[in-house]
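Containing mmCIF, C-alpha atoms and all ligand atoms: query_39.cif.
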data_upload
#
loop_
_atom_site.label_atom_id
_atom_site.label_comp_id
_atom_site.auth_asym_id
_atom_site.auth_seq_id
_atom_site.Cartn_x
_atom_site.Cartn_y
_atom_site.Cartn_z
CA MET S 1 0.00 0.00 0.00
CA HIS S 2 2.69 2.52 0.98
CA GLN S 3 4.73 1.44 -2.06
CA GLN S 4 1.84 2.69 -4.15
CA VAL S 5 1.90 6.09 -2.41
CA LEU S 6 5.61 6.33 -3.19
CA THR S 7 5.44 5.31 -6.82
CA THR S 8 2.43 7.49 -7.66
CA CYS S 9 2.97 10.64 -5.55
CA LYS S 10 3.47 13.80 -7.55
CA ARG S 11 4.13 16.70 -5.19
CA VAL S 12 6.83 15.92 -2.64
CA VAL S 13 8.18 18.18 0.13
CA VAL S 14 11.77 17.16 0.95
CA LYS S 15 13.36 18.42 4.15
CA ILE S 16 17.14 18.35 4.13
CA GLY S 17 18.89 18.40 7.49
CA SER S 18 21.83 20.70 8.32
CA SER S 19 24.26 17.85 8.90
CA LEU S 20 23.75 16.66 5.30
CA VAL S 21 24.67 19.93 3.64
CA ALA S 22 26.98 21.72 6.07
CA SER S 23 29.48 21.15 8.83
CA SER S 24 30.45 23.80 11.36
CA THR S 25 34.13 23.13 10.76
CA GLY S 26 34.18 22.67 6.99
CA GLY S 27 31.31 24.90 5.80
CA LEU S 28 28.95 23.81 3.04
CA ARG S 29 29.34 20.27 1.69
CA LEU S 30 29.31 21.25 -1.94
CA ASP S 31 29.82 17.70 -3.21
CA ARG S 32 26.79 16.52 -1.22
CA ILE S 33 24.64 19.44 -2.45
CA SER S 34 25.69 18.71 -5.99
CA ARG S 35 24.84 15.00 -5.65
CA LEU S 36 21.42 15.78 -4.16
CA ALA S 37 20.72 18.36 -6.88
CA ASP S 38 21.53 15.78 -9.59
CA GLU S 39 19.19 13.24 -7.99
CA PHE S 40 16.39 15.76 -7.40
CA GLY S 41 16.80 17.20 -10.90
CA GLU S 42 16.28 13.75 -12.35
CA LEU S 43 13.11 13.24 -10.30
CA GLN S 44 11.83 16.63 -11.44
CA THR S 45 12.47 15.59 -15.04
CA LYS S 46 10.49 12.41 -14.36
CA ASN S 47 7.47 14.55 -13.60
CA ARG S 48 7.64 14.81 -9.82
CA GLN S 49 7.26 18.26 -8.29
CA LEU S 50 9.77 18.85 -5.51
CA VAL S 51 9.60 21.52 -2.81
CA LEU S 52 12.78 21.61 -0.71
CA VAL S 53 12.97 22.74 2.90
CA SER S 54 16.68 23.07 3.55
CA SER S 55 18.44 23.70 6.82
CA GLY S 56 22.12 24.58 6.99
CA ALA S 57 22.13 28.38 6.97
CA ILE S 58 23.32 28.77 10.55
CA VAL S 59 25.99 26.08 10.30
CA ALA S 60 27.24 27.46 6.98
CA GLY S 61 27.34 30.95 8.51
CA ILE S 62 29.25 29.75 11.58
CA SER S 63 32.11 28.40 9.54
CA HIS S 64 32.20 31.39 7.19
CA LEU S 65 32.36 33.80 10.15
CA GLY S 66 35.12 31.72 11.70
CA LEU S 67 33.13 31.05 14.90
CA LYS S 68 34.48 28.15 16.90
CA THR S 69 31.22 26.64 18.15
CA TYR S 70 27.45 26.78 17.55
CA PRO S 71 26.49 30.11 19.19
CA GLN S 72 24.06 30.08 22.11
CA GLU S 73 23.07 33.75 21.72
CA VAL S 74 20.06 34.20 19.42
CA PRO S 75 21.37 37.39 17.68
CA LEU S 76 24.59 35.56 16.81
CA GLN S 77 22.60 32.58 15.46
CA GLN S 78 20.54 35.04 13.42
CA ALA S 79 23.66 36.77 12.10
CA ALA S 80 25.15 33.39 11.16
CA ALA S 81 21.87 32.47 9.41
CA ALA S 82 21.98 35.72 7.40
CA VAL S 83 25.54 35.02 6.29
CA GLY S 84 24.93 31.33 5.65
CA GLN S 85 21.56 31.53 3.88
CA SER S 86 22.85 33.33 0.79
CA ARG S 87 25.77 30.90 0.53
CA LEU S 88 23.41 27.93 0.94
CA VAL S 89 21.05 29.05 -1.81
CA ARG S 90 23.91 30.02 -4.08
CA ALA S 91 25.28 26.47 -3.69
CA TYR S 92 21.89 24.93 -4.56
CA GLU S 93 21.43 27.30 -7.49
CA THR S 94 24.83 26.47 -8.96
CA ALA S 95 24.27 22.75 -8.44
CA PHE S 96 20.78 22.71 -9.99
CA GLU S 97 21.86 24.89 -12.91
CA ALA S 98 24.27 22.16 -13.96
CA SER S 99 21.24 20.04 -14.89
CA GLY S 100 19.23 22.98 -16.25
CA HIS S 101 16.87 23.41 -13.28
CA LYS S 102 15.80 26.72 -11.77
CA VAL S 103 15.41 27.34 -8.05
CA ALA S 104 13.68 30.01 -5.92
CA GLN S 105 14.36 31.07 -2.32
CA ILE S 106 11.46 31.40 0.12
CA LEU S 107 11.93 32.43 3.76
CA LEU S 108 8.99 32.09 6.15
CA THR S 109 8.09 32.54 9.80
CA HIS S 110 5.20 30.89 11.62
CA GLN S 111 3.45 34.27 11.61
CA ASP S 112 3.33 34.21 7.80
CA LEU S 113 1.31 31.00 7.90
CA ALA S 114 -0.87 32.02 10.87
CA ASP S 115 -2.28 34.91 8.84
CA ARG S 116 -4.79 33.44 6.37
CA ARG S 117 -4.11 36.05 3.68
CA ARG S 118 -0.36 35.58 3.84
CA PHE S 119 -0.84 31.80 3.98
CA LEU S 120 -2.89 31.94 0.76
CA ASN S 121 -0.40 34.30 -0.89
CA ALA S 122 2.50 31.99 -0.09
CA ARG S 123 0.44 29.08 -1.42
CA HIS S 124 -0.26 30.90 -4.70
CA THR S 125 3.40 31.80 -5.14
CA LEU S 126 4.54 28.25 -4.49
CA THR S 127 1.93 26.77 -6.81
CA THR S 128 2.96 29.21 -9.54
CA LEU S 129 6.64 28.31 -9.10
CA LEU S 130 5.77 24.61 -9.38
CA GLN S 131 3.74 25.24 -12.53
CA LEU S 132 6.77 27.04 -13.96
CA GLY S 133 8.93 24.00 -13.19
CA VAL S 134 10.99 25.91 -10.59
CA ILE S 135 12.21 24.11 -7.44
CA PRO S 136 11.40 26.23 -4.36
CA ILE S 137 13.97 26.11 -1.54
CA ILE S 138 12.39 27.10 1.74
CA ASN S 139 13.96 27.91 5.10
CA GLU S 140 12.76 29.57 8.27
CA ASN S 141 13.40 33.32 8.12
CA ASP S 142 15.83 32.96 11.02
CA THR S 143 17.00 36.57 11.00
CA VAL S 144 13.60 37.91 12.11
CA ALA S 145 12.14 34.87 13.87
CA VAL S 146 11.86 35.51 17.60
CA ASP S 147 10.29 32.87 19.83
CA GLU S 148 6.59 33.50 19.39
CA ILE S 149 6.69 33.65 15.60
CA ARG S 150 9.18 30.89 14.93
CA PHE S 151 8.67 27.30 13.89
CA GLY S 152 11.77 26.47 15.93
CA ASP S 153 13.02 23.67 13.73
CA ASN S 154 12.77 22.78 10.09
CA ASP S 155 11.08 19.41 10.68
CA THR S 156 8.07 21.34 12.01
CA LEU S 157 8.34 23.88 9.18
CA ALA S 158 8.39 21.05 6.62
CA GLY S 159 5.24 19.51 8.17
CA GLN S 160 3.44 22.84 7.71
CA ILE S 161 4.78 23.27 4.17
CA ALA S 162 3.35 19.85 3.26
CA HIS S 163 -0.06 21.31 4.13
CA LEU S 164 0.65 24.68 2.50
CA VAL S 165 1.37 23.10 -0.89
CA ASP S 166 -1.06 20.15 -0.56
CA ALA S 167 1.80 17.68 -0.86
CA ASP S 168 1.26 13.98 -1.54
CA LEU S 169 4.30 13.05 0.54
CA LEU S 170 6.73 14.58 3.04
CA VAL S 171 10.28 13.23 3.02
CA ILE S 172 12.75 13.97 5.79
CA LEU S 173 16.32 13.41 4.63
CA SER S 174 18.54 13.10 7.64
CA ASP S 175 21.76 11.42 8.74
CA VAL S 176 19.91 8.54 10.41
CA ASN S 177 18.55 5.43 8.65
CA GLY S 178 15.06 5.73 10.12
CA LEU S 179 13.29 4.92 13.38
CA TYR S 180 14.69 1.99 15.35
CA GLU S 181 13.22 -0.29 18.02
CA ALA S 182 16.06 0.95 20.27
CA ASP S 183 18.90 3.48 20.02
CA PRO S 184 21.27 1.92 17.43
CA HIS S 185 24.26 3.77 18.95
CA LEU S 186 23.72 1.99 22.26
CA ASN S 187 22.39 -1.26 20.84
CA PRO S 188 23.92 -2.21 17.47
CA SER S 189 21.44 -5.07 16.92
CA ALA S 190 18.41 -2.73 17.18
CA GLN S 191 15.95 -3.27 14.30
CA LEU S 192 14.77 -0.56 11.92
CA ILE S 193 10.98 -0.06 11.80
CA PRO S 194 10.03 0.12 8.09
CA LEU S 195 6.36 1.09 8.57
CA VAL S 196 4.58 3.04 11.30
CA SER S 197 0.84 2.83 10.71
CA SER S 198 -0.05 5.08 13.63
CA ILE S 199 1.99 7.16 16.05
CA THR S 200 1.32 5.56 19.40
CA LYS S 201 2.86 6.47 22.76
CA HIS S 202 5.26 3.55 22.22
CA ILE S 203 6.46 5.01 18.90
CA GLU S 204 6.92 8.40 20.57
CA SER S 205 8.93 6.79 23.34
CA LEU S 206 11.37 5.36 20.76
CA ALA S 207 12.37 8.83 19.65
CA GLY S 208 14.81 9.25 22.53
CA ALA S 209 17.17 12.17 22.36
CA SER S 210 19.20 11.68 19.20
CA ARG S 211 20.39 15.25 18.91
CA THR S 212 23.48 15.89 16.85
CA GLN S 213 25.20 19.23 17.08
CA ALA S 214 24.13 20.26 13.61
CA SER S 215 20.43 19.47 13.83
CA ARG S 216 18.03 21.15 16.20
CA GLY S 217 15.43 18.50 16.54
CA GLY S 218 16.72 14.93 16.61
CA MET S 219 14.17 12.13 16.29
CA VAL S 220 11.61 13.84 18.54
CA THR S 221 10.83 16.60 16.04
CA LYS S 222 10.82 14.07 13.17
CA ILE S 223 8.06 12.14 14.88
CA LEU S 224 6.23 15.39 15.58
CA ALA S 225 6.53 16.29 11.88
CA ALA S 226 5.11 12.87 10.94
CA LYS S 227 2.23 13.43 13.35
CA GLN S 228 1.57 16.90 12.00
CA ALA S 229 1.77 15.87 8.33
CA GLY S 230 -0.41 12.85 9.14
CA ARG S 231 -3.16 15.09 10.53
CA PHE S 232 -3.09 17.02 7.27
CA GLY S 233 -3.50 13.69 5.46
CA VAL S 234 0.13 13.65 4.22
CA PRO S 235 2.28 10.52 4.81
CA MET S 236 5.96 10.92 5.73
CA LEU S 237 9.09 9.02 4.84
CA LEU S 238 12.25 9.30 6.94
CA LEU S 239 15.35 8.48 4.90
CA ASN S 240 19.11 8.62 5.24
CA GLY S 241 20.28 11.31 2.83
CA GLU S 242 23.88 10.09 3.09
CA THR S 243 22.88 7.04 1.05
CA PRO S 244 23.16 7.90 -2.63
CA ASN S 245 19.83 8.01 -4.42
CA ALA S 246 17.82 7.05 -1.32
CA LEU S 247 14.91 9.22 -2.47
CA GLY S 248 15.01 8.01 -6.09
CA GLN S 249 14.96 4.41 -4.89
CA ALA S 250 12.10 5.10 -2.50
CA LEU S 251 9.99 6.72 -5.22
CA GLU S 252 10.52 3.62 -7.35
CA GLY S 253 8.88 1.63 -4.56
CA ASN S 254 12.02 0.50 -2.66
CA PRO S 255 12.14 2.70 0.45
CA SER S 256 15.03 2.13 2.85
CA GLY S 257 13.89 4.17 5.87
CA THR S 258 10.70 4.46 7.93
CA PHE S 259 7.34 5.25 6.34
CA PHE S 260 4.70 6.91 8.54
CA ALA S 261 1.16 6.42 7.25
CA SER S 262 -1.25 9.38 7.42
CA ASN S 263 -4.81 9.76 8.66
CA GLN S 264 -7.60 10.35 6.19
CA SER S 265 -8.48 13.95 6.93
CA SER S 266 -12.10 14.93 6.36
CA LEU S 267 -11.44 18.59 7.21
CA THR S 268 -11.26 21.25 4.51
CA ASN S 269 -7.92 23.00 4.00
CA ARG S 270 -9.16 26.04 5.94
CA LYS S 271 -10.33 23.94 8.88
CA GLN S 272 -7.03 22.03 8.88
CA TRP S 273 -5.32 25.42 9.03
CA ILE S 274 -7.50 26.47 12.01
CA ALA S 275 -6.89 23.17 13.79
CA PHE S 276 -3.23 22.43 13.11
CA THR S 277 -1.43 25.57 11.90
CA LEU S 278 -2.76 28.16 14.33
CA ARG S 279 -1.47 28.18 17.89
CA PRO S 280 -4.25 28.67 20.47
CA LYS S 281 -4.05 31.83 22.57
CA GLY S 282 -6.32 30.44 25.27
CA GLU S 283 -8.77 27.75 26.34
CA ILE S 284 -12.52 27.58 26.68
CA MET S 285 -13.87 24.81 28.91
CA LEU S 286 -17.33 23.50 27.93
CA ASP S 287 -20.08 21.62 29.75
CA GLU S 288 -21.19 18.19 28.52
CA GLY S 289 -24.18 19.54 26.59
CA ALA S 290 -22.00 21.95 24.59
CA VAL S 291 -19.37 19.26 23.90
CA ALA S 292 -22.10 16.98 22.52
CA ALA S 293 -23.61 19.80 20.43
CA LEU S 294 -20.23 20.53 18.81
CA VAL S 295 -19.03 16.95 18.38
CA MET S 296 -22.25 15.05 17.60
CA ARG S 297 -24.40 17.70 15.96
CA GLY S 298 -21.86 20.01 14.30
CA LYS S 299 -23.27 23.09 16.08
CA SER S 300 -21.67 26.45 16.84
CA LEU S 301 -20.49 27.25 20.36
CA LEU S 302 -22.79 29.45 22.45
CA ALA S 303 -21.87 31.25 25.67
CA SER S 304 -24.42 29.24 27.69
CA GLY S 305 -22.26 26.09 27.40
CA ILE S 306 -19.04 27.71 28.65
CA LEU S 307 -17.82 26.77 32.13
CA ASN S 308 -14.48 28.51 32.20
CA VAL S 309 -12.06 30.66 30.18
CA ASN S 310 -8.25 30.72 30.32
CA GLY S 311 -5.65 32.92 28.65
CA THR S 312 -5.67 36.36 27.07
CA PHE S 313 -7.20 36.60 23.62
CA LEU S 314 -9.05 39.02 21.38
CA PRO S 315 -11.89 38.59 18.86
CA GLY S 316 -10.61 36.59 15.87
CA ASP S 317 -7.91 34.77 17.86
CA PRO S 318 -7.57 30.98 17.81
CA VAL S 319 -8.67 29.21 20.99
CA SER S 320 -8.81 25.62 22.06
CA CYS S 321 -12.05 24.02 23.36
CA THR S 322 -11.77 21.48 26.16
CA THR S 323 -14.08 19.15 28.04
CA LYS S 324 -14.54 19.79 31.75
CA GLU S 325 -11.79 17.21 32.33
CA GLY S 326 -9.45 19.49 30.37
CA VAL S 327 -9.21 17.34 27.22
CA ALA S 328 -8.80 19.53 24.12
CA PHE S 329 -11.09 18.35 21.31
CA ALA S 330 -11.57 21.33 19.00
CA GLN S 331 -9.98 24.57 17.93
CA GLY S 332 -11.73 27.65 16.56
CA LEU S 333 -11.70 31.39 16.02
CA THR S 334 -13.50 33.23 18.80
CA ASN S 335 -15.88 36.13 18.19
CA TYR S 336 -15.32 37.45 21.72
CA SER S 337 -12.28 38.41 23.81
CA ALA S 338 -11.34 36.45 26.94
CA GLU S 339 -12.42 39.44 29.02
CA THR S 340 -15.92 39.55 27.50
CA LEU S 341 -16.28 35.76 27.74
CA GLN S 342 -15.53 35.93 31.47
CA ARG S 343 -18.61 38.17 31.77
CA ILE S 344 -20.97 36.20 29.53
CA LYS S 345 -19.96 32.56 30.16
CA GLY S 346 -22.87 30.32 31.14
CA LYS S 347 -25.42 33.02 30.20
CA GLN S 348 -28.40 32.86 27.84
CA THR S 349 -28.75 35.21 24.84
CA SER S 350 -31.24 37.55 26.55
CA GLU S 351 -28.99 38.01 29.60
CA ILE S 352 -25.98 38.67 27.35
CA GLN S 353 -27.88 41.35 25.51
CA GLN S 354 -28.60 43.06 28.80
CA LEU S 355 -25.04 42.71 30.05
CA LEU S 356 -23.30 43.93 26.89
CA GLY S 357 -25.96 46.38 25.72
CA ALA S 358 -26.13 44.67 22.31
CA LEU S 359 -25.56 41.18 20.99
CA GLU S 360 -22.87 41.44 18.34
CA TYR S 361 -22.69 37.71 17.68
CA GLU S 362 -25.02 34.95 18.76
CA GLU S 363 -22.19 32.39 18.54
CA VAL S 364 -18.95 32.53 20.52
CA ILE S 365 -17.36 30.34 17.82
CA HIS S 366 -19.31 29.90 14.60
CA ARG S 367 -19.24 26.32 13.32
CA ASP S 368 -17.61 27.51 10.07
CA ASN S 369 -14.66 28.64 12.18
CA LEU S 370 -14.52 25.53 14.36
CA ALA S 371 -12.54 22.35 13.64
CA LEU S 372 -12.69 19.15 15.66
CA THR S 373 -9.22 17.76 16.42
CA PRO S 374 -8.44 14.08 16.93
N1 LIG A 1 16.81 27.26 9.95
C1 LIG A 1 18.00 26.67 10.49
C2 LIG A 1 19.16 26.80 9.51
O1 LIG A 1 18.98 26.95 8.33
C3 LIG A 1 17.85 25.18 10.77
C4 LIG A 1 16.79 24.73 11.68
C5 LIG A 1 16.75 23.20 11.80
O2 LIG A 1 17.66 22.53 11.37
O3 LIG A 1 15.80 22.66 12.30
O4 LIG A 1 20.27 26.72 9.93
#
Represent the supplied structure as structure tokens.
Amino acid sequence: MHQQVLTTCKRVVVKIGSSLVASSTGGLRLDRISRLADEFGELQTKNRQLVLVSSGAIVAGISHLGLKTYPQEVPLQQAAAAVGQSRLVRAYETAFEASGHKVAQILLTHQDLADRRRFLNARHTLTTLLQLGVIPIINENDTVAVDEIRFGDNDTLAGQIAHLVDADLLVILSDVNGLYEADPHLNPSAQLIPLVSSITKHIESLAGASRTQASRGGMVTKILAAKQAGRFGVPMLLLNGETPNALGQALEGNPSGTFFASNQSSLTNRKQWIAFTLRPKGEIMLDEGAVAALVMRGKSLLASGILNVNGTFLPGDPVSCTTKEGVAFAQGLTNYSAETLQRIKGKQTSEIQQLLGALEYEEVIHRDNLALTP
């Protein structure tokens, strides 16, 4: 079944880890970039559409600036990213040009995708580039990304990009062979898991802490990316990019790493965006009647079913809905601020009208702006 996904998929997001394309002591690995560009160029010629998410800017910048170690200070990381990013893209451009392929650079922050207009603009640009046969090369816009607007690591960014471009497959090219039953460094006889049909607690526990100096996430963020892509209905393949032609082989139906199956998502793209791209600014706790109305009958959320409100948010902000046990089961865009909800929670429409003077919205979250999460 997953062989079929691999042989037939058209649009593929490929995340390339820092350690594959750069080393903090030796700078960019130009031979590696050139080999990957040859392989990707051939896939592009065979009618696949590739979108690359490449790390390596910071590491490339570190070596070019002559810094001894990976800097801990954020401004220094950002400076290194600024220096390294242009070198990184220049290396890709030169390598792809050898086989006649064009590339484009796209730098994004989480904030770009959390704004629906900017999300749609980025989507249109990427789709247009793909129609033109150009290979987009995406990275986080590290120079401006402070904590609250950053993805944090490129595995997470790649999971979101898979949704942004409606990919058929997400591939993470790393320096590990895939997910193992145990840490292969500690236990050399540990077995590789070729297929993960669902990400259980056990699978999450296998991630361990496989951080290398050059990659931010290790296996933990790879599993998170698989989970995220899976919710968007996109399967993920984790491959070792050090193996020549690992991706080409996989797309011929002979994958060497770990394939993570995806869920069938019944949500529209906009509702997926509400549920899995936006970060909630607060929580609304509902009584059992309201939970049933939302989950079983697809209704909007009214103030009368609200037990409690947490966080600071304004009209239009994303909020999470929880049961009274605190289990989050939906995410939506609120019509009211946290402050107003504190005043109107548990109240009927007529009382709200009296309290607020006028009833701007009957619904706290309209069902069109509400997505149930698994
Ligand atoms: N954006 C960072 C860079 O290009 C990498 C982040 C990551 O590897 O997760 O250096």
Worksheet item: How many Å separate atom CA of Leu132 of chain S from atom CA of Lys102 of chain S?
Response: 9.3 Å
Worksheet item: Between S:Ser174, S:Thr156, S:Thr322, S:Thr127, which is the closest to Glu283 of chain S once you count all atoms listed in the file?
Response: S:Thr322
Fill in: Polymer residues at most 8 Å from Gly41 of chain S, all atoms listed in the file, same-chain spacing of 6 or more positions, as a list in words
Phe96, Ser99 and His101 of chain S
Listing only residues of chain S within 8 Å of ligand LIG 1 (chain A), what is the closest atom pair and its distance in Å (to one decimal) for each, using all atoms listed in the file, sorted by chain and residue number ascending, as CSV?
residue,atom,partner,partner_atom,distance
S:Gly17,CA,A:LIG1,O2,5.8
S:Ser18,CA,A:LIG1,O2,5.5
S:Ser54,CA,A:LIG1,O1,6.6
S:Ser55,CA,A:LIG1,O1,3.6
S:Gly56,CA,A:LIG1,O4,4.1
S:Ala57,CA,A:LIG1,O1,3.7
S:Ile58,CA,A:LIG1,O4,3.7
S:Val59,CA,A:LIG1,O4,5.8
S:Ala60,CA,A:LIG1,O4,7.6
S:Ala81,CA,A:LIG1,O4,6.0
S:Gly84,CA,A:LIG1,O4,7.8
S:Gln85,CA,A:LIG1,O1,6.9
S:Asn139,CA,A:LIG1,N1,5.7
S:Glu140,CA,A:LIG1,N1,5.0
S:Asn141,CA,A:LIG1,N1,7.2
S:Asp142,CA,A:LIG1,N1,5.9
S:Gly152,CA,A:LIG1,O3,6.6
S:Asp153,CA,A:LIG1,O3,3.3
S:Asn154,CA,A:LIG1,O3,3.8
S:Asp155,CA,A:LIG1,O3,6.0
S:Thr156,CA,A:LIG1,O3,7.8
S:Ala214,CA,A:LIG1,O2,7.2
S:Ser215,CA,A:LIG1,O2,4.8
S:Arg216,CA,A:LIG1,O3,4.7
S:Gly217,CA,A:LIG1,O3,6.0
Practice prompt. Would you mind listing what lies within 12 Å of Ser265 of chain S as a count of residues only, with only C-alpha atoms counted and same-chain residues fewer than 3 positions away left out?
Written response: 20
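Among the candidate residues S:Ile352, S:Ala162, S:Leu173, S:Ala114, the one lying nearest to Pro244 of chain S is S:Leu173, with distances computed using only C-alpha atoms.
Computed from the coordinates, the atom CA of Ala338 of chain S to atom CA of Leu294 of chain S distance equals 20.0 Å.
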Item to complete: Might you pull out every residue within 12 Å of Thr243 of chain S, with all atoms listed in the file counted and same-chain residues fewer than 6 positions away left off, and present them as an MDAnalysis selection string?
Response: chainID S and resid 20 32 35:36 39 173:177 249:250 255:257
Keeping only C-alpha atoms, write the selected residues as a JSON list (two decimals), keeping the file's coordinate frame.
[["chain", "number", "residue", "atom", "x", "y", "z"],
["S", 20, "LEU", "CA", 23.75, 16.66, 5.30],
["S", 32, "ARG", "CA", 26.79, 16.52, -1.22],
["S", 35, "ARG", "CA", 24.84, 15.00, -5.65],
["S", 36, "LEU", "CA", 21.42, 15.78, -4.16],
["S", 39, "GLU", "CA", 19.19, 13.24, -7.99],
["S", 173, "LEU", "CA", 16.32, 13.41, 4.63],
["S", 174, "SER", "CA", 18.54, 13.10, 7.64],
["S", 175, "ASP", "CA", 21.76, 11.42, 8.74],
["S", 176, "VAL", "CA", 19.91, 8.54, 10.41],
["S", 177, "ASN", "CA", 18.55, 5.43, 8.65],
["S", 249, "GLN", "CA", 14.96, 4.41, -4.89],
["S", 250, "ALA", "CA", 12.10, 5.10, -2.50],
["S", 255, "PRO", "CA", 12.14, 2.70, 0.45],
["S", 256, "SER", "CA", 15.03, 2.13, 2.85],
["S", 257, "GLY", "CA", 13.89, 4.17, 5.87]]
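Of note, atom CA of Asp115 of chain S and atom CA of Leu164 of chain S are spaced 12.4 Å apart.
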Discussion item. Need to verify the contact set: Gln348 of chain S, 8 Å, all atoms listed in the file, exclusion of same-chain residues closer than 3 positions in sequence. Can you return it as a PyMOL selection string?
Written reply: chain S and resi 303-304+351-352
Contact table segment 224-312 of chain S vs segment 341-346 of chain S, cut-off 9 Å, shortest pair per residue, only C-alpha atoms, as CSV:
residue,atom,partner,partner_atom,distance
S:Leu302,CA,S:Gly346,CA,8.7
S:Ala303,CA,S:Lys345,CA,5.1
S:Ser304,CA,S:Gly346,CA,3.9
S:Gly305,CA,S:Gly346,CA,5.7
S:Ile306,CA,S:Lys345,CA,5.2
S:Leu307,CA,S:Gly346,CA,6.3
S:Asn308,CA,S:Lys345,CA,7.1
S:Val309,CA,S:Gln342,CA,6.4
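Among the candidates S:Tyr361, S:Asn254, S:Lys347, S:Ser300, the residue lying nearest to Gln4 of chain S is S:Asn254 (atoms considered: all atoms listed in the file).
If you measure from each of S:Ala261, S:Leu65, S:Cys321, S:Leu251 to Leu195 of chain S using all atoms listed in the file, the closest one turns out to be S:Ala261.
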Practice prompt. Would you list the contacts of Thr125 of chain S as a PyMOL selection string, taking every protein, DNA or RNA residue within 12 Å and counting all atoms listed in the file, but skipping same-chain residues closer than 5 positions in sequence?
Written response: chain S and resi 104-106+118-120+130-132+134-136+164-165
